[in-house]
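Listing of input37.txt, compact mmCIF, C-alpha atoms
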# COMPACT_ATOMS: atom_id res chain seq x y z
CA MET A 1 216.20 84.46 301.49
CA LYS A 2 213.45 85.92 303.72
CA ARG A 3 213.06 85.70 307.49
CA TYR A 4 209.70 84.69 309.02
CA ASN A 5 208.54 84.90 312.61
CA TYR A 6 206.36 81.96 313.60
CA ARG A 7 204.13 80.72 316.40
CA ALA A 8 203.65 76.95 316.30
CA LYS A 9 202.57 73.93 318.33
CA GLU A 10 204.85 70.96 318.90
CA LYS A 11 203.20 67.83 317.51
CA ALA A 12 204.50 65.59 320.28
CA THR A 13 203.69 67.73 323.32
CA GLY A 14 201.22 70.36 322.13
CA LYS A 15 203.52 73.05 323.58
CA ILE A 16 203.34 76.49 321.93
CA VAL A 17 206.72 77.76 320.70
CA LYS A 18 207.83 80.96 318.98
CA GLY A 19 210.84 81.71 316.85
CA ASN A 20 212.02 82.68 313.39
CA ILE A 21 213.08 80.78 310.31
CA GLN A 22 214.64 81.63 306.96
CA ALA A 23 213.13 80.46 303.67
CA ASP A 24 212.53 81.63 300.12
CA ASN A 25 208.75 81.91 300.61
CA GLU A 26 205.95 81.33 303.11
CA GLN A 27 205.09 77.87 301.77
CA LEU A 28 208.67 76.64 302.12
CA ALA A 29 208.91 78.14 305.62
CA GLY A 30 205.75 76.28 306.62
CA ARG A 31 207.09 73.04 305.19
CA LEU A 32 210.38 73.44 307.09
CA LEU A 33 208.47 73.88 310.33
CA VAL A 34 206.38 70.76 309.65
CA ASP A 35 209.59 68.80 308.99
CA GLN A 36 210.79 69.94 312.44
CA GLY A 37 207.71 68.47 314.10
CA LEU A 38 205.85 71.75 314.46
CA ILE A 39 202.31 72.74 313.47
CA PRO A 40 202.43 76.45 312.48
CA GLU A 41 199.65 78.69 313.76
CA THR A 42 200.97 82.03 312.48
CA LEU A 43 203.74 82.75 309.98
CA VAL A 44 204.68 86.38 309.37
CA GLU A 45 207.45 87.81 307.23
CA GLU A 46 209.57 90.28 309.18
CA GLY A 47 208.34 93.78 308.42
CA SER A 48 204.86 92.56 307.50
CA THR A 49 201.80 93.47 309.59
CA ASN A 50 199.63 90.64 308.34
CA PRO A 51 199.48 87.84 310.96
CA LEU A 52 198.46 85.22 308.42
CA THR A 53 199.51 84.54 304.89
CA LYS A 54 197.48 86.16 302.14
CA LEU A 55 196.73 82.80 300.66
CA THR A 56 195.37 81.37 303.91
CA SER A 57 193.12 84.35 304.57
CA ARG A 58 191.20 83.58 301.37
CA VAL A 59 190.65 79.87 302.00
CA THR A 60 187.57 79.00 304.04
CA GLN A 61 186.53 75.71 305.60
CA LYS A 62 183.88 75.37 302.89
CA ASP A 63 186.56 75.78 300.19
CA ARG A 64 188.68 73.07 301.81
CA ILE A 65 185.73 70.68 302.10
CA MET A 66 184.78 71.16 298.44
CA PHE A 67 188.40 70.68 297.35
CA THR A 68 188.76 67.50 299.42
CA ARG A 69 185.43 66.06 298.25
CA GLN A 70 186.13 66.72 294.55
CA LEU A 71 189.67 65.34 294.74
CA SER A 72 188.40 62.19 296.48
CA THR A 73 185.73 61.65 293.83
CA LEU A 74 188.11 62.13 290.89
CA ILE A 75 190.84 59.87 292.33
CA GLY A 76 188.23 57.26 293.20
CA ALA A 77 187.01 57.39 289.59
CA GLY A 78 190.46 56.30 288.43
CA LEU A 79 191.93 59.60 287.21
CA PRO A 80 195.69 60.08 287.60
CA LEU A 81 196.62 62.32 290.53
CA SER A 82 197.95 65.15 288.36
CA THR A 83 194.82 65.11 286.20
CA ALA A 84 192.58 65.12 289.27
CA LEU A 85 194.44 68.05 290.82
CA ARG A 86 194.36 70.01 287.58
CA THR A 87 190.62 69.39 287.20
CA VAL A 88 189.90 70.51 290.76
CA ALA A 89 192.03 73.62 290.29
CA GLU A 90 190.10 74.52 287.14
CA GLN A 91 186.67 73.91 288.69
CA THR A 92 187.06 75.60 292.07
CA GLU A 93 185.53 79.07 292.38
CA SER A 94 187.79 80.15 295.23
CA LYS A 95 190.89 81.97 294.01
CA GLY A 96 192.76 81.08 297.19
CA MET A 97 191.93 77.38 296.93
CA ARG A 98 192.75 77.40 293.23
CA GLY A 99 196.20 78.78 294.02
CA VAL A 100 196.73 76.09 296.65
CA ALA A 101 195.62 73.35 294.24
CA GLU A 102 197.98 74.65 291.56
CA GLU A 103 200.91 74.70 293.98
CA ILE A 104 200.12 71.15 295.14
CA LEU A 105 199.97 70.11 291.49
CA ALA A 106 203.37 71.71 290.86
CA TYR A 107 204.86 69.85 293.83
CA ALA A 108 203.35 66.54 292.68
CA GLU A 109 204.57 66.95 289.10
CA SER A 110 208.08 67.73 290.34
CA GLY A 111 208.24 64.25 291.84
CA LYS A 112 207.45 65.08 295.45
CA SER A 113 204.93 63.11 297.48
CA LEU A 114 201.42 64.40 297.98
CA TYR A 115 202.13 64.61 301.71
CA GLU A 116 205.03 66.98 301.03
CA ALA A 117 202.83 69.03 298.71
CA PHE A 118 200.07 69.43 301.32
CA SER A 119 202.62 70.09 304.08
CA ALA A 120 203.65 73.27 302.29
CA HIS A 121 200.32 74.79 303.43
CA PRO A 122 200.17 74.04 307.17
CA HIS A 123 197.74 76.88 307.87
CA ILE A 124 195.17 75.21 305.63
CA PHE A 125 195.78 71.50 306.23
CA ASN A 126 196.18 70.52 309.91
CA GLY A 127 198.01 67.55 311.42
CA VAL A 128 195.03 65.20 311.08
CA TYR A 129 194.68 66.07 307.41
CA LEU A 130 198.37 65.55 306.72
CA ALA A 131 198.52 62.25 308.61
CA LEU A 132 195.58 60.83 306.66
CA ILE A 133 197.06 62.03 303.37
CA GLN A 134 200.34 60.32 304.21
CA ALA A 135 198.65 57.09 305.29
CA GLY A 136 196.32 57.04 302.29
CA GLU A 137 199.19 57.68 299.91
CA LYS A 138 201.25 54.83 301.36
CA SER A 139 198.37 52.34 301.45
CA GLY A 140 196.90 53.27 298.06
CA THR A 141 193.61 54.36 299.65
CA LEU A 142 194.00 58.09 299.09
CA ASP A 143 190.44 58.50 297.81
CA ILE A 144 189.03 56.84 300.95
CA ALA A 145 191.21 59.00 303.22
CA LEU A 146 190.08 62.16 301.42
CA LYS A 147 186.44 61.10 301.62
CA ARG A 148 186.72 60.55 305.36
CA LEU A 149 188.34 63.94 305.76
CA ALA A 150 185.55 65.64 303.84
CA ASP A 151 182.87 63.76 305.80
CA GLN A 152 184.43 64.71 309.13
CA GLU A 153 184.87 68.37 308.22
CA GLU A 154 181.28 68.56 307.02
CA GLN A 155 180.13 67.00 310.29
CA ASP A 156 182.19 69.50 312.31
CA ALA A 157 180.79 72.39 310.28
CA ALA A 158 177.23 71.11 310.77
CA MET A 159 177.77 70.84 314.53
CA LEU A 160 179.09 74.40 314.76
CA SER A 161 176.12 75.58 312.72
CA LYS A 162 173.74 73.80 315.13
CA ILE A 163 175.41 75.42 318.13
CA ARG A 164 175.14 78.88 316.58
CA GLY A 165 171.52 78.23 315.64
CA ALA A 166 170.66 77.04 319.15
CA LEU A 167 172.10 80.23 320.62
CA VAL A 168 170.06 82.56 318.40
CA TYR A 169 166.91 82.49 320.55
CA PRO A 170 168.74 83.11 323.86
CA ALA A 171 170.62 85.95 322.18
CA ILE A 172 167.34 87.54 321.07
CA ILE A 173 165.98 87.30 324.63
CA LEU A 174 169.14 88.93 325.96
CA VAL A 175 168.82 91.80 323.47
CA VAL A 176 165.18 92.32 324.50
CA ILE A 177 166.19 92.42 328.18
CA ILE A 178 168.82 95.07 327.50
CA ALA A 179 166.45 97.10 325.30
CA VAL A 180 163.69 97.10 327.96
CA LEU A 181 166.11 98.11 330.70
CA LEU A 182 167.55 100.95 328.62
CA PHE A 183 164.08 102.20 327.73
CA MET A 184 162.96 102.19 331.37
CA MET A 185 166.12 103.88 332.59
CA PHE A 186 166.40 106.57 329.93
CA ALA A 187 162.71 107.24 329.17
CA VAL A 188 160.73 106.48 332.35
CA VAL A 189 163.11 107.10 335.27
CA PRO A 190 163.92 110.73 334.28
CA GLN A 191 160.19 111.50 334.11
CA VAL A 192 159.67 110.13 337.63
CA GLU A 193 162.59 112.26 338.86
CA SER A 194 161.09 115.35 337.22
CA LEU A 195 157.69 114.60 338.76
CA TYR A 196 159.16 114.37 342.26
CA LYS A 197 161.11 117.58 341.80
CA ASP A 198 157.93 119.40 340.77
CA MET A 199 156.18 118.03 343.83
CA GLY A 200 159.06 118.94 346.09
CA GLU A 201 159.28 115.38 347.36
CA GLU A 202 162.37 113.30 348.06
CA LEU A 203 162.91 110.28 345.83
CA PRO A 204 162.78 106.80 347.44
CA GLY A 205 166.16 105.09 347.84
CA LEU A 206 165.66 102.54 345.01
CA THR A 207 164.50 105.22 342.58
CA GLN A 208 167.35 107.55 343.55
CA GLY A 209 169.79 104.74 342.86
CA LEU A 210 168.33 104.21 339.38
CA VAL A 211 168.48 107.97 338.74
CA ASN A 212 172.14 108.09 339.79
CA LEU A 213 172.92 105.10 337.56
CA THR A 214 171.13 106.70 334.59
CA ASN A 215 172.95 110.00 335.11
CA PHE A 216 176.26 108.14 335.27
CA PHE A 217 175.55 106.40 331.96
CA VAL A 218 174.55 109.70 330.33
CA SER A 219 177.59 111.58 331.61
CA PHE A 220 180.23 108.91 331.20
CA TRP A 221 179.01 106.78 328.28
CA TRP A 222 182.31 107.39 326.51
CA LEU A 223 184.27 106.11 329.51
CA ILE A 224 182.07 103.01 329.74
CA LEU A 225 182.60 102.37 326.03
CA ILE A 226 186.37 102.70 326.41
CA VAL A 227 186.45 100.35 329.42
CA ILE A 228 184.29 97.72 327.69
CA THR A 229 186.32 97.89 324.46
CA THR A 230 189.66 97.80 326.27
CA THR A 231 188.54 94.89 328.43
CA CYS A 232 187.28 92.87 325.45
CA VAL A 233 190.43 93.50 323.40
CA GLY A 234 192.65 92.75 326.39
CA LEU A 235 190.84 89.49 327.14
CA PHE A 236 191.00 88.49 323.48
CA PHE A 237 194.78 88.91 323.28
CA PHE A 238 195.27 87.40 326.75
CA ILE A 239 193.38 84.26 325.71
CA LYS A 240 194.74 84.02 322.17
CA ARG A 241 198.34 85.09 322.73
CA THR A 242 199.27 83.72 326.15
CA LYS A 243 199.48 80.15 327.38
CA THR A 244 198.01 81.11 330.76
CA GLY A 245 195.06 82.86 329.15
CA ARG A 246 194.25 79.95 326.89
CA HIS A 247 194.61 77.52 329.78
CA ILE A 248 192.13 79.52 331.87
CA ALA A 249 189.66 79.86 328.99
CA ASP A 250 189.83 76.16 328.14
CA SER A 251 189.40 75.21 331.79
CA ILE A 252 186.29 77.37 332.02
CA LYS A 253 184.84 75.66 328.95
CA ILE A 254 184.84 72.22 330.55
CA HIS A 255 183.64 73.36 333.98
CA VAL A 256 180.98 75.98 333.18
CA PRO A 257 177.42 74.86 334.07
CA ILE A 258 175.25 73.51 331.22
CA PHE A 259 177.96 73.93 328.57
CA GLY A 260 180.74 72.07 330.42
CA GLY A 261 179.16 68.68 329.72
CA LEU A 262 178.64 69.61 326.08
CA PHE A 263 182.28 70.56 325.64
CA ARG A 264 183.50 67.35 327.28
CA LYS A 265 181.40 65.24 324.94
CA LEU A 266 182.60 67.32 322.00
CA TYR A 267 186.26 66.76 322.89
CA VAL A 268 185.82 63.04 323.59
CA SER A 269 183.92 62.45 320.34
CA ARG A 270 186.51 64.48 318.41
CA PHE A 271 189.35 62.43 319.92
CA ALA A 272 187.64 59.08 319.25
CA ARG A 273 186.57 60.00 315.71
CA THR A 274 190.02 61.28 314.76
CA ALA A 275 191.75 58.20 316.23
CA GLU A 276 189.27 55.98 314.37
CA MET A 277 190.05 57.68 311.05
CA LEU A 278 193.80 57.48 311.55
CA LEU A 279 193.89 53.87 312.75
CA SER A 280 191.62 52.72 309.92
CA THR A 281 194.05 54.11 307.35
CA GLY A 282 197.08 52.39 308.87
CA VAL A 283 198.63 55.13 311.01
CA PRO A 284 200.52 53.55 313.97
CA MET A 285 198.78 53.59 317.36
CA VAL A 286 201.07 56.06 319.14
CA ASP A 287 201.03 58.46 316.18
CA SER A 288 197.25 58.16 315.86
CA VAL A 289 196.66 58.91 319.54
CA THR A 290 199.14 61.82 319.50
CA ILE A 291 197.48 63.45 316.50
CA ALA A 292 193.99 62.75 317.87
CA ILE A 293 194.93 64.48 321.13
CA ASN A 294 196.20 67.54 319.25
CA ALA A 295 192.92 67.61 317.32
CA VAL A 296 190.93 68.11 320.56
CA SER A 297 191.81 71.84 320.59
CA ASN A 298 191.65 72.31 324.36
CA VAL A 299 194.99 72.58 326.16
CA VAL A 300 193.63 71.37 329.51
CA VAL A 301 192.13 68.23 327.99
CA GLU A 302 195.17 67.71 325.76
CA GLU A 303 197.51 67.81 328.77
CA GLU A 304 195.44 65.17 330.56
CA TYR A 305 195.03 62.93 327.51
CA SER A 306 198.76 63.21 326.70
CA LYS A 307 199.54 61.13 329.80
CA ALA A 308 198.16 58.17 327.85
CA ILE A 309 200.95 58.46 325.26
CA GLU A 310 203.69 57.56 327.75
CA MET A 311 201.61 54.60 328.95
CA LEU A 312 201.23 53.42 325.34
CA LYS A 313 204.96 53.70 324.80
CA GLY A 314 205.46 51.71 327.99
CA GLY A 315 203.47 48.78 326.59
CA LYS A 316 199.99 49.51 327.96
CA THR A 317 196.93 49.07 325.75
CA LEU A 318 194.86 52.05 324.65
CA SER A 319 192.00 51.08 326.95
CA GLU A 320 194.35 50.88 329.94
CA SER A 321 195.93 54.21 329.01
CA LEU A 322 192.60 56.03 328.76
CA VAL A 323 190.60 54.53 331.62
CA GLU A 324 192.06 56.76 334.35
CA ARG A 325 192.23 59.96 332.32
CA GLU A 326 190.24 62.89 333.66
CA TYR A 327 187.73 64.35 331.16
CA MET A 328 187.66 61.01 329.32
CA LEU A 329 184.11 59.63 329.30
CA PRO A 330 183.88 55.92 330.19
CA LEU A 331 182.47 54.54 326.94
CA VAL A 332 185.65 55.24 324.94
CA PRO A 333 188.06 53.05 326.99
CA GLN A 334 185.33 50.39 327.28
CA MET A 335 184.84 50.26 323.51
CA ALA A 336 188.60 50.43 322.97
CA GLY A 337 188.97 47.33 325.19
CA ILE A 338 186.34 45.49 323.16
CA GLY A 339 188.12 46.52 319.97
CA GLU A 340 191.46 45.29 321.27
CA GLU A 341 189.96 41.87 321.96
CA SER A 342 188.18 41.66 318.60
CA GLY A 343 190.89 43.29 316.49
CA LYS A 344 188.51 46.08 315.45
CA ILE A 345 189.65 48.93 317.65
CA ASP A 346 189.12 51.57 314.96
CA GLU A 347 185.54 50.42 314.41
CA MET A 348 184.80 50.41 318.16
CA LEU A 349 186.23 53.91 318.59
CA GLY A 350 184.01 55.05 315.74
CA LYS A 351 180.96 53.61 317.49
CA ALA A 352 181.87 55.34 320.75
CA ALA A 353 182.28 58.62 318.86
CA LYS A 354 178.87 58.10 317.24
CA VAL A 355 177.19 57.65 320.64
CA TYR A 356 178.59 60.89 322.00
CA GLU A 357 177.95 62.76 318.75
CA ASP A 358 174.29 61.73 318.86
CA GLU A 359 174.01 62.79 322.50
CA LEU A 360 175.70 66.05 321.64
CA TYR A 361 173.28 66.77 318.80
CA ASN A 362 170.30 66.12 321.07
CA GLN A 363 171.65 68.37 323.80
CA ILE A 364 172.52 71.13 321.36
CA ASN A 365 168.93 71.07 320.11
CA ASN A 366 167.80 71.58 323.72
CA ILE A 367 170.19 74.43 324.53
CA SER A 368 167.50 77.06 324.09
CA THR A 369 165.17 75.12 326.40
CA MET A 370 167.89 74.87 329.07
CA ILE A 371 168.93 78.53 328.92
CA GLU A 372 165.48 80.10 328.54
CA PRO A 373 164.35 79.68 332.20
CA ILE A 374 167.62 81.17 333.48
CA LEU A 375 167.31 84.18 331.18
CA MET A 376 163.66 84.62 332.14
CA VAL A 377 164.54 84.71 335.85
CA ILE A 378 167.30 87.24 335.20
CA MET A 379 165.00 89.35 333.05
CA ALA A 380 162.21 89.24 335.64
CA GLY A 381 164.61 90.26 338.40
CA LEU A 382 166.17 93.17 336.54
CA ILE A 383 162.95 94.48 335.10
CA GLY A 384 161.29 94.04 338.51
CA ILE A 385 163.93 96.30 340.07
CA VAL A 386 163.48 98.98 337.41
CA VAL A 387 159.68 98.78 337.45
CA GLY A 388 159.69 98.86 341.26
CA GLY A 389 161.90 101.92 341.21
CA THR A 390 159.53 103.75 338.84
CA LEU A 391 156.03 102.61 339.78
CA LEU A 392 156.34 102.53 343.58
CA PRO A 393 157.21 106.24 343.77
CA ILE A 394 154.17 107.03 341.59
CA TYR A 395 151.91 105.03 343.89
CA SER A 396 153.48 106.80 346.86
CA LEU A 397 152.74 110.18 345.32
CA VAL A 398 149.15 109.20 344.55
CA ASN A 399 148.65 108.06 348.14
CA SER A 400 150.17 111.24 349.54
CA VAL A 401 147.95 113.42 347.30
CA ALA A 402 144.88 111.38 348.29
CA VAL A 403 145.67 111.90 351.95
Transcribe the structure of this file into structure tokens.
Amino acid sequence: MKRYNYRAKEKATGKIVKGNIQADNEQLAGRLLVDQGLIPETLVEEGSTNPLTKLTSRVTQKDRIMFTRQLSTLIGAGLPLSTALRTVAEQTESKGMRGVAEEILAYAESGKSLYEAFSAHPHIFNGVYLALIQAGEKSGTLDIALKRLADQEEQDAAMLSKIRGALVYPAIILVVIIAVLLFMMFAVVPQVESLYKDMGEELPGLTQGLVNLTNFFVSFWWLILIVITTTCVGLFFFIKRTKTGRHIADSIKIHVPIFGGLFRKLYVSRFARTAEMLLSTGVPMVDSVTIAINAVSNVVVEEEYSKAIEMLKGGKTLSESLVEREYMLPLVPQMAGIGEESGKIDEMLGKAAKVYEDELYNQINNISTMIEPILMVIMAGLIGIVVGGTLLPIYSLVNSVAV
């Protein structure tokens, strides 16, 4: 029996908890945590330095999407579950995903449910995935549940790709700004200083400040590098490892100019889309909303949305529970109300998610346009200071020589 230290999130509250658990292997430890109502984030054997399991580190989102899509297609074609799993395991090119598929196959052939088999790999299959697997298995619509999972993951991956692509141009501008400033400070400013020394003149205040800054960088570059590295590493662990740090980071996301609105639409569309998928496969309302809230992946928004769960348990409708929630955009409770009256609440939530997803795509495509003027103003200001500190002294010297 081995002992594993874990860091997990409570399904019901979203609270992060830490502890240790004994099990024969990592998969069984993960399954035990899931049975306790926890969603493991890290699972480390005592004495090991690897924060994630070896198997998980080799499974990418693309591997999971391909696995889900192939399994959905084969089950939908009428193949028995064991045959479908064996076929997927043989066809996948990812060694990590192949190992996962083989273990799921072993679980299934031993008489366990598919939900139990997938639950043994909580680092790979999240709460949304497991809930849809369970609902699809019970309702006999496993292929449809898997297809929806694959579609949603592909959509999430495409959105992340769009965001990264939209940030490429601003990043290039930022690099150019830094390169120009460094060139001016390290190539031009020292020459101006040398020229003034030869002339026996005193440097203007702005130029002297640039010279002092350049000399500081040259003399203490190692200290600057240490400070920057230490700060970045410290912030990373503060945000990733502490509840306060994550709370601050997530709060900044939804309040920062330009991007705050994008993040809010992302979280609302993610909540509505996840709830739509779960409700359409027969997951009970309270469970669907709870899992959808956990799928948001922002603790500030999750805490606010979680207030709706108690209202649901108290007999309120979903639309009534969501209408007063901060960070909840108005279309979702409106569409939920229409769905409650028509009996098509899952369909209405899907339509609300589609509206915000379309708006999000359009805004993401315009990110470069929104950021470019701001970067240009910053670049003009910084370069103006450096150019002023180098050219004005030269003009001053020319005027003094002319006189």
- [ ] For a cut-off of 7 Å around (187.9, 68.3, 290.4), file coordinates, pick out all residues using all atoms listed in the file and list them as an NGL selection string.
- [x] :A and (70-71 or 74 or 84-85 or 87-89 or 91)
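Of the residues under consideration (A:Glu320, A:Phe259, A:Pro170, A:Ser161), A:Pro170 shows the shortest atom-to-atom contact distance to Thr369 (chain A) when counting all atoms listed in the file.
Our summary of the geometry notes that CA of Ala187 (chain A) is positioned 24.7 Å from CA of Val227 (chain A).
One finds CA of Ala158 (chain A) at 29.1 Å from CA of Arg7 (chain A).
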Dig up all the protein and nucleic acid residues within 8 Å of (200.0, 59.2, 310.3) in the file frame, using all atoms listed in the file, and format them as a PDB file with C-alpha atoms, keeping the file's coordinate frame.
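Okay, selection-v4.pdb is ready:
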ATOM      1  CA  VAL A 128     195.030  65.200 311.080  1.00  0.00           C
ATOM      2  CA  LEU A 130     198.370  65.550 306.720  1.00  0.00           C
ATOM      3  CA  ALA A 131     198.520  62.250 308.610  1.00  0.00           C
ATOM      4  CA  LEU A 132     195.580  60.830 306.660  1.00  0.00           C
ATOM      5  CA  GLN A 134     200.340  60.320 304.210  1.00  0.00           C
ATOM      6  CA  ALA A 135     198.650  57.090 305.290  1.00  0.00           C
ATOM      7  CA  LEU A 278     193.800  57.480 311.550  1.00  0.00           C
ATOM      8  CA  GLY A 282     197.080  52.390 308.870  1.00  0.00           C
ATOM      9  CA  VAL A 283     198.630  55.130 311.010  1.00  0.00           C
ATOM     10  CA  PRO A 284     200.520  53.550 313.970  1.00  0.00           C
ATOM     11  CA  ASP A 287     201.030  58.460 316.180  1.00  0.00           C
ATOM     12  CA  SER A 288     197.250  58.160 315.860  1.00  0.00           C
ATOM     13  CA  ILE A 291     197.480  63.450 316.500  1.00  0.00           C
TER      14      ILE A 291
END
Could you build a table of the residues in region 243-296 of chain A lying no more than 10 Å from region 14-22 of chain A, giving for each the nearest pair of atoms and their separation in Å rounded to one decimal place, using only C-alpha atoms, ordered by chain and ascending residue number, as CSV?
residue,atom,partner,partner_atom,distance
A:Lys243,CA,A:Ile16,CA,7.6
A:Thr290,CA,A:Gly14,CA,9.2
A:Ile291,CA,A:Gly14,CA,9.7
A:Ile293,CA,A:Gly14,CA,8.7
A:Asn294,CA,A:Gly14,CA,6.4
A:Ala295,CA,A:Gly14,CA,10.0
Task: Computed interatomic separation between CA of Val218 (chain A) and CA of Ala179 (chain A) (Å) - done: 15.8 Å
Open item on the list: Report as a ChimeraX atom specification all protein, DNA and RNA residues lying within 9 Å of Glu137 (chain A), evaluated on all atoms listed in the file, omitting residues in the same chain fewer than 4 positions from it.
Closed with: /A:113-115,132-133,141-142,145
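Distance annotation: of A:Thr390, A:Asn365, A:Gln191, A:Thr229, the residue with the minimal separation from Tyr169 (chain A) is A:Asn365; atom set is only C-alpha atoms.
Minimum distance to Arg86 (chain A) across A:Glu45, A:Glu103, A:Glu340, A:Asp198 (counting only C-alpha atoms) occurs at A:Glu103.
The nearest approach to Leu349 (chain A) among the residues A:Ile75, A:Leu331, A:Ile239, A:Leu382, with all atoms listed in the file taken into account, belongs to A:Leu331.
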